[in-house]
$ cat my_file_33.txt   # compact mmCIF, C-alpha atoms
# COMPACT_ATOMS: atom_id res chain seq x y z
CA MET G 26 0.00 0.00 0.00
CA ARG G 27 1.37 3.39 -1.01
CA ASN G 28 1.99 6.18 1.50
CA THR G 29 -1.42 7.12 2.89
CA ARG G 30 -0.54 9.33 5.83
CA SER G 31 -3.16 11.90 4.84
CA LEU G 32 -5.74 9.13 4.48
CA MET G 33 -5.09 7.95 8.02
CA GLN G 34 -5.35 11.50 9.30
CA HIS G 35 -8.74 11.91 7.63
CA MET G 36 -9.85 8.49 8.86
CA ASP G 37 -8.98 9.34 12.43
CA ALA G 38 -10.61 12.76 12.14
CA VAL G 39 -14.01 11.50 10.94
CA LEU G 40 -14.06 8.62 13.44
CA ARG G 41 -13.40 11.06 16.30
CA LEU G 42 -16.52 13.06 15.36
CA PRO G 43 -19.48 11.12 16.84
CA SER G 44 -22.54 11.14 14.60
CA ILE G 45 -24.90 8.52 16.03
CA SER G 46 -28.34 8.40 14.42
CA SER G 47 -31.06 6.88 16.56
CA THR G 48 -34.81 6.86 17.00
CA ASN G 49 -34.00 7.32 20.70
CA SER G 50 -33.76 11.10 21.05
CA SER G 51 -31.56 10.81 24.13
CA ILE G 52 -28.67 9.37 22.10
CA ASP G 53 -29.41 10.85 18.66
CA MET G 54 -26.68 13.24 17.50
CA SER G 55 -26.08 15.91 14.90
CA ASN G 56 -23.97 14.96 11.89
CA LEU G 57 -22.92 18.57 11.31
CA PRO G 58 -19.39 18.17 12.75
CA VAL G 59 -18.69 15.49 10.13
CA ILE G 60 -20.36 17.49 7.35
CA ASN G 61 -18.41 20.62 8.25
CA TYR G 62 -15.12 18.72 8.37
CA LEU G 63 -15.72 17.15 4.97
CA ALA G 64 -16.79 20.48 3.47
CA GLU G 65 -13.58 22.08 4.71
CA GLN G 66 -11.42 19.30 3.27
CA PHE G 67 -13.15 19.14 -0.12
CA THR G 68 -13.12 22.95 -0.43
CA ALA G 69 -9.35 22.86 0.08
CA LEU G 70 -9.15 20.44 -2.85
CA GLY G 71 -11.04 22.81 -5.15
CA PHE G 72 -14.56 21.45 -4.79
CA GLU G 73 -17.58 23.74 -4.57
CA CYS G 74 -19.40 22.70 -1.41
CA GLU G 75 -23.04 23.14 -0.50
CA ILE G 76 -24.30 22.21 2.95
CA MET G 77 -27.99 21.37 2.74
CA PRO G 78 -29.89 21.54 6.08
CA CYS G 79 -32.29 18.65 6.59
CA GLU G 80 -35.26 19.50 8.76
CA SER G 81 -36.36 16.22 10.28
CA SER G 82 -38.15 15.02 13.37
CA SER G 83 -34.82 14.95 15.19
CA GLU G 84 -34.02 17.79 17.56
CA GLN G 85 -30.39 17.60 16.46
CA GLY G 86 -29.01 19.55 13.50
CA LYS G 87 -28.81 17.38 10.40
CA ALA G 88 -27.46 18.16 6.95
CA ASN G 89 -26.31 16.75 3.63
CA LEU G 90 -23.19 17.83 1.76
CA ILE G 91 -22.91 18.15 -2.01
CA ALA G 92 -19.28 18.74 -3.07
CA THR G 93 -18.69 19.27 -6.80
CA LEU G 94 -15.50 19.37 -8.87
CA GLY G 95 -16.06 20.40 -12.49
CA SER G 96 -19.31 20.89 -14.37
CA GLY G 97 -21.45 19.35 -17.07
CA PRO G 98 -24.65 17.38 -17.59
CA GLY G 99 -23.27 13.95 -16.71
CA GLY G 100 -20.63 12.89 -14.25
CA LEU G 101 -20.14 10.58 -11.32
CA VAL G 102 -21.43 10.72 -7.74
CA LEU G 103 -19.51 9.04 -4.94
CA ALA G 104 -21.98 8.76 -2.08
CA GLY G 105 -22.21 7.70 1.52
CA HIS G 106 -23.86 8.43 4.83
CA THR G 107 -22.19 10.29 7.68
CA ASP G 108 -24.15 8.77 10.56
CA THR G 109 -23.48 5.58 12.52
CA VAL G 110 -25.55 3.24 14.63
CA PRO G 111 -25.39 3.52 18.44
CA MET G 112 -22.61 1.71 20.28
CA ASP G 113 -22.09 -0.17 23.53
CA GLU G 114 -18.61 1.07 24.42
CA ALA G 115 -18.17 -1.59 27.12
CA LEU G 116 -18.12 -4.29 24.43
CA TRP G 117 -15.31 -2.66 22.45
CA SER G 118 -11.67 -3.61 23.04
CA VAL G 119 -10.58 -0.20 21.68
CA ASN G 120 -11.94 3.32 21.83
CA PRO G 121 -14.72 3.33 19.21
CA LEU G 122 -14.42 7.09 18.69
CA GLN G 123 -10.92 7.15 17.27
CA MET G 124 -8.90 5.22 14.74
CA THR G 125 -6.92 2.30 16.13
CA GLU G 126 -4.57 0.48 13.77
CA ARG G 127 -3.92 -3.08 14.91
CA ASP G 128 -3.49 -6.50 13.31
CA ASN G 129 -3.58 -4.99 9.79
CA ARG G 130 -6.97 -3.48 10.53
CA ILE G 131 -8.40 -0.04 11.19
CA TYR G 132 -10.83 -0.16 14.11
CA GLY G 133 -13.46 2.45 14.93
CA LEU G 134 -17.19 3.13 14.81
CA GLY G 135 -17.97 3.92 11.18
CA SER G 136 -14.67 2.62 9.79
CA THR G 137 -16.59 0.23 7.54
CA ASP G 138 -20.15 1.54 7.80
CA MET G 139 -19.29 3.98 6.46
CA LYS G 140 -17.52 7.22 7.40
CA GLY G 141 -14.23 5.60 6.46
CA PHE G 142 -15.28 5.71 2.81
CA PHE G 143 -14.99 9.51 2.85
CA ALA G 144 -11.37 9.27 3.98
CA LEU G 145 -10.70 7.04 0.98
CA ILE G 146 -12.46 9.48 -1.37
CA LEU G 147 -10.38 12.37 -0.01
CA GLU G 148 -7.20 10.40 -0.69
CA ALA G 149 -8.32 9.25 -4.15
CA VAL G 150 -9.29 12.72 -5.43
CA ARG G 151 -5.95 14.32 -4.50
CA ALA G 152 -4.59 13.02 -7.80
CA PHE G 153 -7.17 15.02 -9.76
CA VAL G 154 -6.85 18.46 -8.14
CA ASP G 155 -5.27 20.04 -11.24
CA THR G 156 -6.83 17.71 -13.81
CA PRO G 157 -9.41 19.15 -16.25
CA MET G 158 -12.75 17.35 -15.92
CA GLN G 159 -14.93 16.57 -18.92
CA GLN G 160 -17.79 15.76 -16.56
CA PRO G 161 -18.25 16.63 -12.88
CA LEU G 162 -17.19 14.57 -9.90
CA ILE G 163 -19.69 14.94 -7.06
CA VAL G 164 -19.19 13.71 -3.52
CA LEU G 165 -22.45 13.27 -1.63
CA ALA G 166 -22.59 12.88 2.17
CA THR G 167 -26.00 12.28 3.73
CA SER G 168 -27.71 12.20 7.12
CA ASP G 169 -29.84 9.67 9.00
CA GLU G 170 -29.35 6.64 6.76
CA GLU G 171 -29.32 4.37 9.79
CA THR G 172 -32.82 5.47 10.87
CA SER G 173 -35.18 7.33 8.55
CA MET G 174 -32.99 7.85 5.46
CA PHE G 175 -34.28 11.40 5.66
CA GLY G 176 -31.18 12.84 4.01
CA ALA G 177 -31.64 10.73 0.89
CA ARG G 178 -35.39 11.42 0.88
CA LYS G 179 -34.63 15.15 0.95
CA LEU G 180 -32.33 14.83 -2.04
CA ALA G 181 -34.93 12.90 -4.03
CA GLU G 182 -37.54 15.50 -3.15
CA LEU G 183 -35.30 18.27 -4.51
CA GLY G 184 -34.05 16.23 -7.47
CA ARG G 185 -30.40 16.79 -6.58
CA PRO G 186 -27.60 16.25 -7.36
CA LYS G 187 -27.80 15.85 -11.12
CA ALA G 188 -25.42 13.30 -12.55
CA ARG G 189 -25.42 10.21 -14.75
CA TYR G 190 -23.88 7.62 -12.43
CA ALA G 191 -23.64 7.03 -8.68
CA VAL G 192 -21.58 4.66 -6.54
CA ILE G 193 -22.57 4.21 -2.89
CA GLY G 194 -19.63 3.00 -0.81
CA GLU G 195 -21.51 0.74 1.60
CA PRO G 196 -19.55 -2.37 2.64
CA THR G 197 -19.77 -4.96 -0.14
CA GLY G 198 -16.29 -6.49 -0.05
CA MET G 199 -15.45 -4.61 -3.28
CA LYS G 200 -18.12 -6.51 -5.19
CA PRO G 201 -20.57 -4.45 -7.28
CA ILE G 202 -24.18 -4.73 -6.12
CA HIS G 203 -27.05 -3.81 -8.40
CA ALA G 204 -30.07 -4.90 -6.37
CA HIS G 205 -31.38 -5.23 -2.86
CA LYS G 206 -34.73 -5.80 -1.21
CA GLY G 207 -36.84 -3.08 0.33
CA VAL G 208 -38.39 -3.12 3.78
CA MET G 209 -41.52 -1.89 5.47
CA MET G 210 -42.24 -2.16 9.20
CA GLU G 211 -45.81 -1.81 10.39
CA SER G 212 -47.86 -1.80 13.56
CA ILE G 213 -51.43 -3.04 13.85
CA ARG G 214 -53.33 -1.95 16.95
CA LEU G 215 -56.73 -3.34 17.85
CA GLN G 216 -58.86 -1.71 20.51
CA GLY G 217 -61.49 -3.99 22.03
CA ARG G 218 -63.31 -3.69 25.33
CA SER G 219 -62.11 -5.15 28.62
CA GLY G 220 -64.36 -6.85 31.14
CA HIS G 221 -64.53 -9.68 33.67
CA SER G 222 -63.27 -12.90 32.15
CA SER G 223 -66.10 -14.90 33.75
CA ASP G 224 -68.54 -13.45 31.19
CA PRO G 225 -67.16 -12.98 27.65
CA SER G 226 -70.26 -10.98 26.67
CA LEU G 227 -69.03 -8.13 28.88
CA GLY G 228 -66.22 -7.24 26.50
CA ILE G 229 -64.60 -7.64 23.10
CA ASN G 230 -61.36 -9.62 23.18
CA ALA G 231 -58.76 -7.80 21.10
CA MET G 232 -56.35 -10.72 21.32
CA GLU G 233 -58.86 -13.09 19.77
CA ALA G 234 -59.50 -10.55 17.04
CA MET G 235 -55.75 -10.35 16.47
CA HIS G 236 -55.70 -14.12 16.01
CA ASP G 237 -57.88 -13.65 12.93
CA VAL G 238 -55.74 -10.71 11.79
CA ILE G 239 -52.62 -12.88 11.97
CA GLY G 240 -54.35 -15.59 9.97
CA GLU G 241 -55.23 -13.07 7.27
CA LEU G 242 -51.68 -11.73 7.18
CA LEU G 243 -50.31 -15.23 6.72
CA LYS G 244 -52.72 -15.79 3.83
CA PHE G 245 -51.55 -12.50 2.33
CA ARG G 246 -47.92 -13.59 2.71
CA ALA G 247 -48.61 -16.83 0.86
CA GLU G 248 -50.28 -14.91 -1.97
CA LEU G 249 -47.33 -12.52 -2.24
CA GLN G 250 -44.94 -15.45 -2.42
CA GLU G 251 -47.04 -17.01 -5.18
CA LYS G 252 -47.05 -13.76 -7.16
CA TYR G 253 -43.51 -12.45 -6.66
CA ARG G 254 -40.22 -14.26 -7.16
CA ASN G 255 -36.79 -13.02 -8.17
CA PRO G 256 -33.92 -15.48 -8.71
CA LEU G 257 -31.34 -12.69 -8.31
CA PHE G 258 -31.71 -13.03 -4.55
CA ALA G 259 -30.58 -15.86 -2.28
CA ILE G 260 -34.09 -15.79 -0.78
CA GLU G 261 -36.11 -15.45 -3.97
CA LEU G 262 -39.42 -14.64 -2.28
CA PRO G 263 -40.73 -11.65 -0.38
CA THR G 264 -40.83 -12.40 3.33
CA MET G 265 -43.09 -11.32 6.16
CA ASN G 266 -41.97 -11.62 9.77
CA LEU G 267 -44.37 -11.31 12.70
CA GLY G 268 -41.88 -9.77 15.07
CA CYS G 269 -43.61 -8.94 18.35
CA ILE G 270 -47.06 -8.83 19.94
CA HIS G 271 -48.38 -7.18 23.10
CA GLY G 272 -51.83 -7.22 24.58
CA GLY G 273 -53.91 -7.32 27.70
CA ASP G 274 -52.81 -6.95 31.29
CA ASN G 275 -54.17 -9.85 33.36
CA PRO G 276 -55.43 -13.42 32.92
CA ASN G 277 -58.82 -12.67 34.45
CA ARG G 278 -59.58 -9.60 32.32
CA ILE G 279 -60.88 -9.71 28.76
CA CYS G 280 -58.06 -8.40 26.60
CA GLY G 281 -59.00 -4.83 25.73
CA HIS G 282 -56.13 -3.99 23.39
CA CYS G 283 -53.55 -5.83 21.31
CA GLU G 284 -50.70 -4.64 19.11
CA LEU G 285 -48.69 -6.56 16.50
CA GLU G 286 -45.49 -5.37 14.80
CA PHE G 287 -44.22 -7.00 11.63
CA ASP G 288 -42.01 -6.38 8.63
CA ILE G 289 -42.12 -7.23 4.93
CA ARG G 290 -38.99 -7.53 2.79
CA LEU G 291 -39.96 -6.32 -0.65
CA LEU G 292 -38.68 -7.47 -4.02
CA PRO G 293 -38.17 -4.98 -6.85
CA GLY G 294 -41.58 -4.19 -8.31
CA MET G 295 -43.33 -4.23 -4.92
CA GLU G 296 -44.19 -0.72 -3.73
CA VAL G 297 -44.45 0.16 -0.04
CA GLU G 298 -47.64 2.22 -0.33
CA THR G 299 -49.33 -0.42 -2.49
CA MET G 300 -48.57 -3.16 0.03
CA ARG G 301 -49.82 -0.99 2.90
CA SER G 302 -53.08 -0.27 1.06
CA LEU G 303 -53.63 -3.95 0.29
CA ILE G 304 -53.13 -4.89 3.94
CA ASP G 305 -55.54 -2.18 5.08
CA GLU G 306 -58.19 -3.35 2.61
CA ARG G 307 -57.92 -6.96 3.81
CA LEU G 308 -58.03 -6.19 7.52
CA GLN G 309 -60.73 -3.53 7.69
CA PRO G 310 -63.57 -6.10 7.21
CA LEU G 311 -62.13 -8.20 10.06
CA ALA G 312 -62.08 -5.19 12.33
CA ARG G 313 -65.71 -4.39 11.51
CA ARG G 314 -66.78 -7.98 12.12
CA TRP G 315 -65.09 -8.01 15.51
CA GLN G 316 -66.23 -4.46 16.27
CA VAL G 317 -62.74 -3.41 17.32
CA GLY G 318 -60.89 -0.20 16.69
CA PHE G 319 -58.25 -0.71 14.01
CA GLU G 320 -55.04 1.25 13.32
CA LEU G 321 -52.42 0.31 10.75
CA THR G 322 -49.39 2.53 11.35
CA PRO G 323 -45.95 2.53 9.69
CA LEU G 324 -43.08 2.30 12.17
CA PHE G 325 -40.97 4.22 9.65
CA PRO G 326 -41.76 5.44 6.13
CA GLY G 327 -40.32 2.35 4.49
CA ALA G 328 -37.41 1.81 2.12
CA PRO G 329 -38.01 0.76 -1.48
CA ALA G 330 -36.38 -2.18 -3.20
CA PHE G 331 -33.59 -1.37 -5.63
CA LEU G 332 -32.60 -2.75 -9.02
CA CYS G 333 -30.15 -1.30 -11.53
CA PRO G 334 -30.33 -3.08 -14.90
CA ALA G 335 -27.48 -5.53 -15.40
CA GLU G 336 -26.82 -4.03 -18.84
CA SER G 337 -26.14 -0.58 -17.33
CA ASP G 338 -22.84 0.95 -18.41
CA LEU G 339 -21.95 1.49 -14.75
CA VAL G 340 -22.56 -2.17 -13.94
CA LYS G 341 -20.42 -3.34 -16.85
CA THR G 342 -17.65 -0.91 -15.98
CA ALA G 343 -17.65 -1.94 -12.31
CA GLU G 344 -17.54 -5.62 -13.25
CA ARG G 345 -14.58 -4.99 -15.52
CA LEU G 346 -12.65 -2.93 -13.00
CA THR G 347 -13.26 -5.19 -9.99
CA GLY G 348 -13.18 -8.57 -11.69
CA HIS G 349 -16.41 -9.48 -9.88
CA SER G 350 -19.78 -10.21 -11.41
CA VAL G 351 -22.61 -8.03 -10.22
CA GLY G 352 -24.60 -9.37 -7.25
CA THR G 353 -27.32 -8.60 -4.72
CA VAL G 354 -27.46 -8.05 -0.95
CA ALA G 355 -30.08 -8.40 1.75
CA PHE G 356 -29.49 -5.05 3.46
CA GLY G 357 -31.00 -1.74 2.34
CA THR G 358 -29.23 1.41 1.14
CA GLU G 359 -29.95 4.90 -0.18
CA ALA G 360 -29.71 3.62 -3.77
CA PRO G 361 -33.46 3.82 -4.55
CA TRP G 362 -33.51 7.55 -3.88
CA LEU G 363 -30.45 8.29 -6.01
CA GLN G 364 -31.99 6.18 -8.73
CA LYS G 365 -35.19 8.20 -8.42
CA ILE G 366 -33.21 11.37 -9.17
CA GLY G 367 -32.19 9.76 -12.47
CA MET G 368 -28.79 8.17 -11.84
CA ASP G 369 -27.68 4.67 -12.71
CA THR G 370 -26.62 3.50 -9.26
CA ILE G 371 -24.63 0.64 -7.77
CA VAL G 372 -23.45 -0.18 -4.26
CA LEU G 373 -19.72 -0.87 -4.03
CA GLY G 374 -17.44 -0.38 -1.05
CA PRO G 375 -14.32 -1.74 0.64
CA GLY G 376 -15.68 -3.13 3.90
CA ASP G 377 -17.70 -6.22 4.78
CA ILE G 378 -21.27 -6.06 6.05
CA GLU G 379 -20.39 -8.64 8.71
CA GLN G 380 -18.35 -5.92 10.42
CA ALA G 381 -21.14 -3.34 10.39
CA HIS G 382 -23.18 -2.64 13.54
CA GLN G 383 -20.77 -4.70 15.64
CA PRO G 384 -18.38 -3.97 18.51
CA ASP G 385 -14.80 -3.67 17.24
CA GLU G 386 -15.97 -2.71 13.76
CA TYR G 387 -12.96 -2.61 11.46
CA LEU G 388 -11.75 -2.08 7.91
CA GLY G 389 -8.93 -4.34 6.72
CA LEU G 390 -5.84 -2.49 5.53
CA ASP G 391 -5.71 -4.80 2.52
CA ARG G 392 -8.97 -3.25 1.28
CA ILE G 393 -7.61 0.30 1.10
CA GLN G 394 -5.38 0.23 -1.98
CA PRO G 395 -7.84 -1.72 -4.17
CA CYS G 396 -10.54 0.79 -3.25
CA LEU G 397 -8.29 3.78 -4.00
CA ASP G 398 -7.35 2.25 -7.36
CA LEU G 399 -11.00 1.61 -8.21
CA LEU G 400 -12.12 5.12 -7.25
CA GLN G 401 -9.39 6.68 -9.36
CA GLU G 402 -10.24 4.45 -12.32
CA LEU G 403 -13.92 5.39 -12.06
CA ILE G 404 -13.10 9.10 -11.82
CA THR G 405 -10.78 8.85 -14.82
CA HIS G 406 -13.34 6.94 -16.86
CA TYR G 407 -16.46 8.99 -16.12
CA CYS G 408 -15.11 12.45 -15.24
CA VAL G 409 -11.67 13.02 -16.80
CA LYS G 410 -12.43 11.19 -20.06
CA GLY G 411 -16.19 11.70 -19.78
CA ASN G 412 -16.92 8.23 -21.13
CA ALA G 413 -20.55 7.15 -21.38
CA THR G 414 -19.94 3.54 -22.38
CA ALA G 415 -17.81 0.85 -20.83
CA ALA G 416 -14.30 0.68 -22.21
$ encode --input "my_file_33.txt" --output "C-alpha cells"
Amino acid sequence: MRNTRSLMQHMDAVLRLPSISSTNSSIDMSNLPVINYLAEQFTALGFECEIMPCESSSEQGKANLIATLGSGPGGLVLAGHTDTVPMDEALWSVNPLQMTERDNRIYGLGSTDMKGFFALILEAVRAFVDTPMQQPLIVLATSDEETSMFGARKLAELGRPKARYAVIGEPTGMKPIHAHKGVMMESIRLQGRSGHSSDPSLGINAMEAMHDVIGELLKFRAELQEKYRNPLFAIELPTMNLGCIHGGDNPNRICGHCELEFDIRLLPGMEVETMRSLIDERLQPLARRWQVGFELTPLFPGAPAFLCPAESDLVKTAERLTGHSVGTVAFGTEAPWLQKIGMDTIVLGPGDIEQAHQPDEYLGLDRIQPCLDLLQELITHYCVKGNATAA
C-alpha cells in the first residue's frame, strides 16, 4: 500500500466526530461536525461545497453535503452516509471514537459503515486536483441513513444532485451490487373492550381478534410469495416476519387492546404504499366484524427495493474494474432515492457487512489500496475522459 498518511489522518478525524443516528432522542446526535469537516477538506481540494440543512423530526441539527468538482450534464457521484448506529462502548476492546490500527486493521465506529469511505475518497481525489474534468465529480454525504434515510429522501424531493452515475460505498467487499430488497415495518393496533373474564359478553377480546388478523396476514404472505419471485436473490421470495405482539394486562380480564409489529422484505416491483393499502383493505372487514378499533401505522416510512439493470454501463464498468460479477445483498441502502433522481446506481465499497453494527468494527488495511485504485479508475473513466460507455 502506497503512503497514505493523509488518508489515516482523515480516517482518524471522521471517526473522532461522533454522529450517532437513533430513534431514541436521548442518544441521537447531529452529523454537522462530520459534514463541516468534509466540506472544509473538499473545499481545500477545489470542490464547490453546498451544505444542505435537513429538517427532520430529530431535535439535532442534520445536513447533507454536495461537493462538486467540475461541471457538465453527466458525471459521477460518490456517495455515503455520515451517521453511525449507536454503540455499547463496554463491548469494544478499543476506543470506538478514534482510529486504532492493529493486526492490519483499522478499528473504529464507522470505519466500515461507512464514514471511512470519505477518507478514501479524499485520498483518491488528491490526484485530480489540477486535472481538467470533462464531466463533474460529485461527492455526496448524507444524514440519517441508519434510521429514517431522511437525508436521501430530501435529495430525491429536490431532485439533486444531477449526474449520470452514482456509486454508494456501503460495505460490499469490493463486489458491485445492483439490487437489494426493500423493507416496510408496520404496527397493527386493535382496541377492544375489557371486562370480567367470567362473562365474555361483557367485553370484546382484542387478542382473539388479532388471532384472525394474523391468519389473514399469513394468507396474504402466501399470496405474495405465489405472485412475486426473483432469482437474483438468495431468498427469492418476499418475506413477512411477525416480530412482536403485546396485549392485555391480566389473565382474568378480557383483553381490551392488542398490538402486532411485523415487517415485509420487498422485491423490486413491490411498492411500499401499495402493500400498505392492500393490507388495510384486507383487515378492515375483520375489524368491523369483531367491532374493534383498528389502526395500521408505519413504524418508519419504508425503504423501497432497488434494481439497476445488469446491462447498465456502470454495472459493466464496475464488473470490468473489480473482476467481480454483479450481485445482490439483503441489506438496504440509499440507492433507490439516487436512482429516483435519475442516476444509474450501484453499491460498491471496501468493507464487509459482517463488520457493520458490531463492537470492534474494522476495515482491513488490505482493502484500502484496491478501493483507491477503483475510485481513481472510475473518476478517470467517467469524469476526466467523460466516457458514457464501458471501455
$ residues_around --input "my_file_33.txt" --residues "G:Gly184" --least-positions-apart "6" --cutoff "9 Å" --atoms "only C-alpha atoms" --output "list of chain:residue names"
G:Leu363, G:Lys365, G:Ile366, G:Gly367
$ closest_residue --input "my_file_33.txt" --among "G:Leu332, G:Ile378, G:Leu303, G:Leu292" --to "G:Ala259" --atoms "all atoms listed in the file"
G:Leu292
$ residues_near_point --input "my_file_33.txt" --point "(-12.3, 13.5, 9.0)" --cutoff "9 Å" --atoms "all atoms listed in the file" --output "PyMOL selection string"
chain G and resi 34-42+59+62-63+66+140-141+143-144
$ write_last_selection --input "my_file_33.txt" --atoms "C-alpha atoms" --output "PDB file, keeping the file's coordinate frame"
ATOM      1  CA  GLN G  34      -5.350  11.500   9.300  1.00  0.00           C
ATOM      2  CA  HIS G  35      -8.740  11.910   7.630  1.00  0.00           C
ATOM      3  CA  MET G  36      -9.850   8.490   8.860  1.00  0.00           C
ATOM      4  CA  ASP G  37      -8.980   9.340  12.430  1.00  0.00           C
ATOM      5  CA  ALA G  38     -10.610  12.760  12.140  1.00  0.00           C
ATOM      6  CA  VAL G  39     -14.010  11.500  10.940  1.00  0.00           C
ATOM      7  CA  LEU G  40     -14.060   8.620  13.440  1.00  0.00           C
ATOM      8  CA  ARG G  41     -13.400  11.060  16.300  1.00  0.00           C
ATOM      9  CA  LEU G  42     -16.520  13.060  15.360  1.00  0.00           C
ATOM     10  CA  VAL G  59     -18.690  15.490  10.130  1.00  0.00           C
ATOM     11  CA  TYR G  62     -15.120  18.720   8.370  1.00  0.00           C
ATOM     12  CA  LEU G  63     -15.720  17.150   4.970  1.00  0.00           C
ATOM     13  CA  GLN G  66     -11.420  19.300   3.270  1.00  0.00           C
ATOM     14  CA  LYS G 140     -17.520   7.220   7.400  1.00  0.00           C
ATOM     15  CA  GLY G 141     -14.230   5.600   6.460  1.00  0.00           C
ATOM     16  CA  PHE G 143     -14.990   9.510   2.850  1.00  0.00           C
ATOM     17  CA  ALA G 144     -11.370   9.270   3.980  1.00  0.00           C
TER      18      ALA G 144
END
$ closest_residue --input "my_file_33.txt" --among "G:Leu242, G:Ile289, G:Leu215, G:Ala328" --to "G:Arg313" --atoms "only C-alpha atoms"
G:Leu215
$ atom_distance --input "my_file_33.txt" --atom1 "atom CA of G:Glu171" --atom2 "atom CA of G:Thr197"
16.6 Å
$ closest_residue --input "my_file_33.txt" --among "G:Arg314, G:His236, G:Arg30, G:Arg151" --to "G:Ala69" --atoms "only C-alpha atoms"
G:Arg151
$ atom_distance --input "my_file_33.txt" --atom1 "atom CA of G:Ala149" --atom2 "atom CA of G:Leu339"
18.9 Å
$ closest_residue --input "my_file_33.txt" --among "G:Gln85, G:Leu257, G:Met33, G:Leu70" --to "G:Ser50" --atoms "all atoms listed in the file"
G:Gln85
$ residues_around --input "my_file_33.txt" --residues "G:Ile76" --least-positions-apart "3" --cutoff "7 Å" --atoms "only C-alpha atoms" --output "PyMOL selection string"
chain G and resi 88-91
$ write_last_selection --input "my_file_33.txt" --atoms "C-alpha atoms" --output "tab-separated table (two decimals), in the frame of the given file"
chain	number	residue	atom	x	y	z
G	88	ALA	CA	-27.46	18.16	6.95
G	89	ASN	CA	-26.31	16.75	3.63
G	90	LEU	CA	-23.19	17.83	1.76
G	91	ILE	CA	-22.91	18.15	-2.01
$ closest_residue --input "my_file_33.txt" --among "G:Phe287, G:Phe175, G:Phe72, G:Trp117" --to "G:Trp362" --atoms "all atoms listed in the file"
G:Phe175
$ atom_distance --input "my_file_33.txt" --atom1 "atom CA of G:Glu80" --atom2 "atom CA of G:Gly105"
19.0 Å
$ residues_around --input "my_file_33.txt" --residues "stretch 221-228 of chain G" --least-positions-apart "5" --cutoff "7 Å" --atoms "only C-alpha atoms" --output "PyMOL selection string"
chain G and resi 277-279
$ residues_around --input "my_file_33.txt" --residues "G:Val150" --least-positions-apart "3" --cutoff "9 Å" --atoms "all atoms listed in the file" --output "list in words"
Leu70, Leu145, Ile146, Leu147, Phe153, Val154, Leu400, Gln401 and Ile404 of chain G
$ residues_around --input "my_file_33.txt" --residues "G:Leu116" --least-positions-apart "6" --cutoff "10 Å" --atoms "all atoms listed in the file" --output "list in words"
Gln383, Pro384 and Asp385 of chain G
$ build_atoms --input "my_file_33.txt" --residues "stretch 273-286 of chain G" --atoms "N, CA and C atoms" --output "PDB file, keeping the file's coordinate frame"
ATOM      1  N   GLY G 273     -53.310  -6.982  26.416  1.00  0.00           N
ATOM      2  CA  GLY G 273     -53.910  -7.320  27.700  1.00  0.00           C
ATOM      3  C   GLY G 273     -53.047  -6.963  28.874  1.00  0.00           C
ATOM      4  N   ASP G 274     -53.572  -7.274  30.088  1.00  0.00           N
ATOM      5  CA  ASP G 274     -52.810  -6.950  31.290  1.00  0.00           C
ATOM      6  C   ASP G 274     -52.995  -7.948  32.426  1.00  0.00           C
ATOM      7  N   ASN G 275     -53.960  -8.888  32.263  1.00  0.00           N
ATOM      8  CA  ASN G 275     -54.170  -9.850  33.360  1.00  0.00           C
ATOM      9  C   ASN G 275     -54.971 -11.036  32.856  1.00  0.00           C
ATOM     10  N   PRO G 276     -54.717 -12.229  33.399  1.00  0.00           N
ATOM     11  CA  PRO G 276     -55.430 -13.420  32.920  1.00  0.00           C
ATOM     12  C   PRO G 276     -56.942 -13.370  33.143  1.00  0.00           C
ATOM     13  N   ASN G 277     -57.384 -12.649  34.154  1.00  0.00           N
ATOM     14  CA  ASN G 277     -58.820 -12.670  34.450  1.00  0.00           C
ATOM     15  C   ASN G 277     -59.544 -11.425  33.933  1.00  0.00           C
ATOM     16  N   ARG G 278     -58.920 -10.716  32.996  1.00  0.00           N
ATOM     17  CA  ARG G 278     -59.580  -9.600  32.320  1.00  0.00           C
ATOM     18  C   ARG G 278     -59.638  -9.879  30.822  1.00  0.00           C
ATOM     19  N   ILE G 279     -60.781  -9.623  30.219  1.00  0.00           N
ATOM     20  CA  ILE G 279     -60.880  -9.710  28.760  1.00  0.00           C
ATOM     21  C   ILE G 279     -59.879  -8.727  28.153  1.00  0.00           C
ATOM     22  N   CYS G 280     -59.125  -9.217  27.202  1.00  0.00           N
ATOM     23  CA  CYS G 280     -58.060  -8.400  26.600  1.00  0.00           C
ATOM     24  C   CYS G 280     -58.668  -7.218  25.847  1.00  0.00           C
ATOM     25  N   GLY G 281     -58.386  -6.013  26.323  1.00  0.00           N
ATOM     26  CA  GLY G 281     -59.000  -4.830  25.730  1.00  0.00           C
ATOM     27  C   GLY G 281     -58.206  -4.211  24.591  1.00  0.00           C
ATOM     28  N   HIS G 282     -56.931  -4.556  24.478  1.00  0.00           N
ATOM     29  CA  HIS G 282     -56.130  -3.990  23.390  1.00  0.00           C
ATOM     30  C   HIS G 282     -55.028  -4.977  23.038  1.00  0.00           C
ATOM     31  N   CYS G 283     -54.605  -4.921  21.786  1.00  0.00           N
ATOM     32  CA  CYS G 283     -53.550  -5.830  21.310  1.00  0.00           C
ATOM     33  C   CYS G 283     -52.816  -5.155  20.156  1.00  0.00           C
ATOM     34  N   GLU G 284     -51.507  -5.269  20.163  1.00  0.00           N
ATOM     35  CA  GLU G 284     -50.700  -4.640  19.110  1.00  0.00           C
ATOM     36  C   GLU G 284     -49.702  -5.642  18.546  1.00  0.00           C
ATOM     37  N   LEU G 285     -49.612  -5.680  17.226  1.00  0.00           N
ATOM     38  CA  LEU G 285     -48.690  -6.560  16.500  1.00  0.00           C
ATOM     39  C   LEU G 285     -47.753  -5.704  15.655  1.00  0.00           C
ATOM     40  N   GLU G 286     -46.460  -6.029  15.669  1.00  0.00           N
ATOM     41  CA  GLU G 286     -45.490  -5.370  14.800  1.00  0.00           C
ATOM     42  C   GLU G 286     -44.860  -6.405  13.885  1.00  0.00           C
TER      43      GLU G 286
END
